[in-house]
Amino acid sequence: MPAIDSESAFISSGTWSLVGIELEAPVLTPESQAANFTNEGGVDGRVRYLKNVSGLWLLSESIRTWDGPGAGDAQRTSDLAALIGEASHVTRPVPVFDATDDRFTAPGDMPARIAEWCEERDMEPPRSRAEVVRSILESLAEAYARTIDQAEELSGKSIRTVNIVGGGSQNSLLCQLTADRTGRTVYAGPVEATAIGNILVQMRAVGMVSGDLEALRSVVAASFEPVKYTPRP
């Protein structure tokens, strides 16, 4: 991810999401274990303190349902950009569900499962496809915010900004909602952060670039300008 600042959380957002922070040492408390955080070894002895969270799987499975065998020919070409555009203009409040609920893990009819989750809690389900998409993105943003707050509390590290990388960084509505719900500035991109980081570490190993991890991140920041999203009132 680009070198934005030292008080930044990361979200690798794609089919699934990895949400966390980078630390100098692991967090090995019972509270951390109970919250289901993991400590992963990273480059130069860093620790990626993170939690697995659901992702755009919820949206892709919804589209698969809408475009499935039961749909008419004219309904089998759901346009993701158009759906997100329609979702951005939804003004009616939509339900925010627990995106980490196990019922949303397996393949299947996500709109029906979301409706079921809502009905169990006497909440009105989304009425249209645009509302389903908005509900999914609001719920993912809320899950991201909750996880970042947990990481901050459990680690004792202050978090001021959020870096979103991966495919989800292209979803402008998700990025803005994440800024809104976290109350933090979000920097989105690059999309291929995983591959870029891999290449840079290999380049350093053979002497094509030099420096510490911050120096490598500066190369990324100079090569891929992130998109900035600020929390709305």
# chains A, B, ... in the order shown; residues from 1 in each chain; ligands from 1

call {"tool": "residues_around", "arguments": {"residues": "Asp101 in chain A", "least_positions_apart": "4", "cutoff": "9 Å", "atoms": "only C-alpha atoms", "output": "PDB file with N, CA, C and O atoms, in the first residue's frame"}}
result
ATOM      1  N   SER A  54     -16.116 -10.637   5.586  1.00  0.00           N
ATOM      2  CA  SER A  54     -16.745 -10.913   4.294  1.00  0.00           C
ATOM      3  C   SER A  54     -16.419  -9.792   3.306  1.00  0.00           C
ATOM      4  O   SER A  54     -15.887  -8.754   3.673  1.00  0.00           O
ATOM      5  N   PHE A  97     -27.069  -5.235   7.886  1.00  0.00           N
ATOM      6  CA  PHE A  97     -27.054  -6.589   8.469  1.00  0.00           C
ATOM      7  C   PHE A  97     -25.634  -6.976   8.856  1.00  0.00           C
ATOM      8  O   PHE A  97     -24.658  -6.303   8.503  1.00  0.00           O
ATOM      9  N   THR A 105     -21.845 -17.167   4.061  1.00  0.00           N
ATOM     10  CA  THR A 105     -20.552 -17.702   3.622  1.00  0.00           C
ATOM     11  C   THR A 105     -20.660 -18.598   2.401  1.00  0.00           C
ATOM     12  O   THR A 105     -19.868 -18.499   1.455  1.00  0.00           O
TER      13      THR A 105
END

call {"tool": "residues_around", "arguments": {"residues": "range 31-43 of chain A", "least_positions_apart": "3", "cutoff": "9 Å", "atoms": "only C-alpha atoms", "output": "ChimeraX atom specification"}}
result
/A:20,22,25-28,46-52,150-151,154-155,201,213

call {"tool": "closest_residue", "arguments": {"among": "A:Leu56, A:Glu225, A:His89, A:Leu173", "to": "Ser12 in chain A", "atoms": "only C-alpha atoms"}}
result
A:Leu56

call {"tool": "closest_residue", "arguments": {"among": "A:Gln202, A:Gly14, A:Asp102, A:Val165", "to": "Tyr187 in chain A", "atoms": "only C-alpha atoms"}}
result
A:Val165

call {"tool": "atom_distance", "arguments": {"atom1": "CA of Glu192 in chain A", "atom2": "CA of Met1 in chain A"}}
result
9.6 Å

call {"tool": "residues_around", "arguments": {"residues": "Val90 in chain A", "least_positions_apart": "6", "cutoff": "8 Å", "atoms": "only C-alpha atoms", "output": "list of chain:residue names"}}
result
A:Ala130, A:Glu131, A:Arg134

call {"tool": "write_last_selection", "arguments": {"atoms": "N, CA and C atoms", "output": "PDB file, in the first residue's frame"}}
result
ATOM      1  N   ALA A 130     -31.376  -2.274  -6.363  1.00  0.00           N
ATOM      2  CA  ALA A 130     -30.535  -1.160  -5.944  1.00  0.00           C
ATOM      3  C   ALA A 130     -30.442  -1.104  -4.419  1.00  0.00           C
ATOM      4  N   GLU A 131     -31.552  -1.372  -3.743  1.00  0.00           N
ATOM      5  CA  GLU A 131     -31.541  -1.356  -2.283  1.00  0.00           C
ATOM      6  C   GLU A 131     -30.753  -2.539  -1.730  1.00  0.00           C
ATOM      7  N   ARG A 134     -27.149  -1.478  -2.060  1.00  0.00           N
ATOM      8  CA  ARG A 134     -26.830  -0.457  -1.050  1.00  0.00           C
ATOM      9  C   ARG A 134     -26.731  -1.092   0.336  1.00  0.00           C
TER      10      ARG A 134
END

call {"tool": "select_by_dssp", "arguments": {"residues": "chain A", "states": "helix (DSSP H, G or I)", "output": "PyMOL selection string"}}
result
chain A and resi 30-34+43-45+57-66+73-75+80-88+102-104+110-120+129-155+167-170+172-182+193-205+213-223

call {"tool": "residues_around", "arguments": {"residues": "Ala222 in chain A", "least_positions_apart": "5", "cutoff": "10 Å", "atoms": "only C-alpha atoms", "output": "list in words"}}
result
Pro2, Ala3 and Arg217 of chain A

call {"tool": "write_last_selection", "arguments": {"atoms": "all heavy atoms", "output": "PDB file, in the first residue's frame"}}
result
ATOM      1  N   PRO A   2       0.382   2.350  -0.488  1.00  0.00           N
ATOM      2  CA  PRO A   2       1.185   3.573  -0.535  1.00  0.00           C
ATOM      3  C   PRO A   2       1.568   4.048   0.865  1.00  0.00           C
ATOM      4  O   PRO A   2       0.873   3.767   1.836  1.00  0.00           O
ATOM      5  CB  PRO A   2       0.252   4.580  -1.219  1.00  0.00           C
ATOM      6  CG  PRO A   2      -0.751   3.755  -1.932  1.00  0.00           C
ATOM      7  CD  PRO A   2      -0.928   2.520  -1.108  1.00  0.00           C
ATOM      8  N   ALA A   3       2.660   4.764   0.959  1.00  0.00           N
ATOM      9  CA  ALA A   3       3.108   5.296   2.248  1.00  0.00           C
ATOM     10  C   ALA A   3       2.314   6.559   2.563  1.00  0.00           C
ATOM     11  O   ALA A   3       2.733   7.668   2.235  1.00  0.00           O
ATOM     12  CB  ALA A   3       4.599   5.591   2.190  1.00  0.00           C
ATOM     13  N   ARG A 217       7.319   1.535  -0.027  1.00  0.00           N
ATOM     14  CA  ARG A 217       5.972   2.116  -0.092  1.00  0.00           C
ATOM     15  C   ARG A 217       6.000   3.494  -0.755  1.00  0.00           C
ATOM     16  O   ARG A 217       5.022   3.895  -1.393  1.00  0.00           O
ATOM     17  CB  ARG A 217       5.370   2.205   1.309  1.00  0.00           C
ATOM     18  CG  ARG A 217       4.989   0.835   1.854  1.00  0.00           C
ATOM     19  CD  ARG A 217       4.120   0.940   3.074  1.00  0.00           C
ATOM     20  NE  ARG A 217       3.607  -0.389   3.392  1.00  0.00           N
ATOM     21  CZ  ARG A 217       3.684  -0.952   4.589  1.00  0.00           C
ATOM     22  NH1 ARG A 217       4.235  -0.300   5.590  1.00  0.00           N
ATOM     23  NH2 ARG A 217       3.193  -2.159   4.791  1.00  0.00           N
TER      24      ARG A 217
END

call {"tool": "residues_around", "arguments": {"residues": "Val96 in chain A", "least_positions_apart": "5", "cutoff": "9 Å", "atoms": "only C-alpha atoms", "output": "PyMOL selection string"}}
result
chain A and resi 118+135-140+142
